[in-house]
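Have a look at the structure below, then the notes.
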Amino acid sequence: MTRAFNVIIERDAEGYYVASVPELRGCHTQAKSLDTLMKRIREAIELYLEVEGETVSPQEFIGIQRIWVEV
């Protein structure tokens with residue numbers, strides 16, 4: 001079975017790309033290149049599903065909103 005997951009990608013202060021899957025709590029990885037990052041997050045998703053099984057409920061992606069807060 002093929003499933004689709006939303007992946008959030010950010011870049012940290014050291015230049016690493018960081019990917020996380022909001023639907024899969026604790027499923028994240030990092031890499032120096034986007035190509036490597038995509039391979040790693042796919043592996044992380046596969047391992048997560050292997051451990052957790054098919055109990056993960058799909059969520060509807062709505063969007064991302066950037067909010068500025070004065071600190």
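Residues are referred to by chain and number: the chain letter is A, B, ... according to the order shown in the structure tokens, the number counts from 1 in that chain, and ligands are numbered separately from 1 in the order shown.
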Practice task
With a distance cut-off of 9 Å and only C-alpha atoms, select the neighbouring residues of range 49-63 of chain A, excluding the residue or stretch itself and same-chain residues fewer than 4 positions from it, and output the selection as a ChimeraX atom specification.
Solution key: /A:3-6,23-24,44-45
For the selection you just gave me, I'd like the residues written to a file as a PDB file, in the first residue's frame, keeping C-alpha atoms.
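Dumped everything to result.pdb:
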ATOM      1  CA  ARG A   3       0.522   6.362   1.572  1.00  0.00           C
ATOM      2  CA  ALA A   4       1.316  10.075   1.372  1.00  0.00           C
ATOM      3  CA  PHE A   5       2.728  12.066   4.295  1.00  0.00           C
ATOM      4  CA  ASN A   6       3.342  15.786   4.685  1.00  0.00           C
ATOM      5  CA  GLU A  23       1.442  12.953  11.534  1.00  0.00           C
ATOM      6  CA  LEU A  24       4.161  10.728  12.995  1.00  0.00           C
ATOM      7  CA  ALA A  44      12.453   7.247   8.878  1.00  0.00           C
ATOM      8  CA  ILE A  45       8.805   7.029   7.795  1.00  0.00           C
TER       9      ILE A  45
END
Using backbone DSSP assignments, extract all alpha helix (DSSP H) residues from chain A; output them as a PDB file with N, CA and C atoms, in the first residue's frame.
ATOM      1  N   LEU A  34      19.431  18.431   0.402  1.00  0.00           N
ATOM      2  CA  LEU A  34      18.020  18.061   0.279  1.00  0.00           C
ATOM      3  C   LEU A  34      17.848  16.648  -0.265  1.00  0.00           C
ATOM      4  N   ASP A  35      18.716  16.230  -1.183  1.00  0.00           N
ATOM      5  CA  ASP A  35      18.625  14.865  -1.716  1.00  0.00           C
ATOM      6  C   ASP A  35      18.797  13.832  -0.606  1.00  0.00           C
ATOM      7  N   THR A  36      19.814  14.032   0.212  1.00  0.00           N
ATOM      8  CA  THR A  36      20.063  13.115   1.324  1.00  0.00           C
ATOM      9  C   THR A  36      18.931  13.187   2.337  1.00  0.00           C
ATOM     10  N   LEU A  37      18.433  14.392   2.590  1.00  0.00           N
ATOM     11  CA  LEU A  37      17.339  14.568   3.532  1.00  0.00           C
ATOM     12  C   LEU A  37      16.110  13.770   3.102  1.00  0.00           C
ATOM     13  N   MET A  38      15.759  13.823   1.823  1.00  0.00           N
ATOM     14  CA  MET A  38      14.576  13.117   1.342  1.00  0.00           C
ATOM     15  C   MET A  38      14.740  11.607   1.458  1.00  0.00           C
ATOM     16  N   LYS A  39      15.942  11.096   1.196  1.00  0.00           N
ATOM     17  CA  LYS A  39      16.192   9.658   1.378  1.00  0.00           C
ATOM     18  C   LYS A  39      16.035   9.279   2.846  1.00  0.00           C
ATOM     19  N   ARG A  40      16.598  10.093   3.723  1.00  0.00           N
ATOM     20  CA  ARG A  40      16.547   9.793   5.155  1.00  0.00           C
ATOM     21  C   ARG A  40      15.137   9.878   5.728  1.00  0.00           C
ATOM     22  N   ILE A  41      14.349  10.866   5.303  1.00  0.00           N
ATOM     23  CA  ILE A  41      13.006  10.983   5.869  1.00  0.00           C
ATOM     24  C   ILE A  41      12.122   9.849   5.356  1.00  0.00           C
ATOM     25  N   ARG A  42      12.331   9.423   4.129  1.00  0.00           N
ATOM     26  CA  ARG A  42      11.584   8.261   3.612  1.00  0.00           C
ATOM     27  C   ARG A  42      11.911   7.022   4.446  1.00  0.00           C
ATOM     28  N   GLU A  43      13.200   6.825   4.744  1.00  0.00           N
ATOM     29  CA  GLU A  43      13.612   5.693   5.591  1.00  0.00           C
ATOM     30  C   GLU A  43      13.011   5.821   6.991  1.00  0.00           C
ATOM     31  N   ALA A  44      13.006   7.031   7.537  1.00  0.00           N
ATOM     32  CA  ALA A  44      12.453   7.247   8.878  1.00  0.00           C
ATOM     33  C   ALA A  44      10.960   6.933   8.912  1.00  0.00           C
ATOM     34  N   ILE A  45      10.233   7.331   7.883  1.00  0.00           N
ATOM     35  CA  ILE A  45       8.805   7.029   7.795  1.00  0.00           C
ATOM     36  C   ILE A  45       8.587   5.521   7.714  1.00  0.00           C
ATOM     37  N   GLU A  46       9.347   4.850   6.858  1.00  0.00           N
ATOM     38  CA  GLU A  46       9.208   3.401   6.712  1.00  0.00           C
ATOM     39  C   GLU A  46       9.488   2.684   8.029  1.00  0.00           C
ATOM     40  N   LEU A  47      10.537   3.090   8.738  1.00  0.00           N
ATOM     41  CA  LEU A  47      10.862   2.473  10.029  1.00  0.00           C
ATOM     42  C   LEU A  47       9.787   2.755  11.063  1.00  0.00           C
ATOM     43  N   TYR A  48       9.272   3.976  11.072  1.00  0.00           N
ATOM     44  CA  TYR A  48       8.216   4.340  12.007  1.00  0.00           C
ATOM     45  C   TYR A  48       7.001   3.444  11.796  1.00  0.00           C
ATOM     46  N   LEU A  49       6.584   3.288  10.541  1.00  0.00           N
ATOM     47  CA  LEU A  49       5.410   2.476  10.236  1.00  0.00           C
ATOM     48  C   LEU A  49       5.660   0.996  10.530  1.00  0.00           C
ATOM     49  N   GLU A  50       6.897   0.554  10.341  1.00  0.00           N
ATOM     50  CA  GLU A  50       7.250  -0.829  10.653  1.00  0.00           C
ATOM     51  C   GLU A  50       7.079  -1.107  12.146  1.00  0.00           C
ATOM     52  N   VAL A  51       7.465  -0.143  12.975  1.00  0.00           N
ATOM     53  CA  VAL A  51       7.370  -0.294  14.426  1.00  0.00           C
ATOM     54  C   VAL A  51       5.939  -0.078  14.919  1.00  0.00           C
ATOM     55  N   GLU A  52       5.297   0.979  14.443  1.00  0.00           N
ATOM     56  CA  GLU A  52       3.970   1.354  14.924  1.00  0.00           C
ATOM     57  C   GLU A  52       2.832   0.612  14.214  1.00  0.00           C
TER      58      GLU A  52
END
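Residues within 10 Å of Arg11 in chain A, counting only C-alpha atoms and excluding same-chain residues fewer than 6 positions away, are Tyr17, Val18, Ala19, Gln30, Ala31 and Lys32 of chain A.
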If you keep N, CA and C atoms, can you produce a file of those selected residues as a short mmCIF file (atom, residue, chain, number, x, y, z; two decimals), in the first residue's frame?
data_model
loop_
_atom_site.label_atom_id
_atom_site.label_comp_id
_atom_site.auth_asym_id
_atom_site.auth_seq_id
_atom_site.Cartn_x
_atom_site.Cartn_y
_atom_site.Cartn_z
N TYR A 17 19.54 20.80 6.83
CA TYR A 17 18.11 20.71 6.57
C TYR A 17 17.52 19.74 7.57
N VAL A 18 16.37 20.11 8.12
CA VAL A 18 15.69 19.29 9.12
C VAL A 18 14.30 18.98 8.61
N ALA A 19 13.94 17.70 8.58
CA ALA A 19 12.62 17.29 8.11
C ALA A 19 11.86 16.63 9.24
N GLN A 30 17.79 14.82 9.76
CA GLN A 30 18.50 15.99 9.23
C GLN A 30 19.60 15.55 8.28
N ALA A 31 20.01 16.48 7.42
CA ALA A 31 21.08 16.21 6.47
C ALA A 31 21.61 17.53 5.93
N LYS A 32 22.79 17.48 5.31
CA LYS A 32 23.39 18.67 4.72
C LYS A 32 22.81 19.01 3.34
#
Practice task
Identify all residues of chain A in strand (DSSP E or B) (DSSP on the backbone) and supply them as number ranges by chain.
Solution key: A: 8-11, 17-20, 28-31
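For the pair CA of Tyr16 in chain A and CA of Thr29 in chain A, the interatomic distance is 10.0 Å.
Taking only C-alpha atoms into account, Val7 in chain A lies nearest to A:Ser20 out of the set A:Ser33, A:His28, A:Val69, A:Ser20.
The space between CA of Gly15 in chain A and CA of Val71 in chain A spans 24.0 Å.
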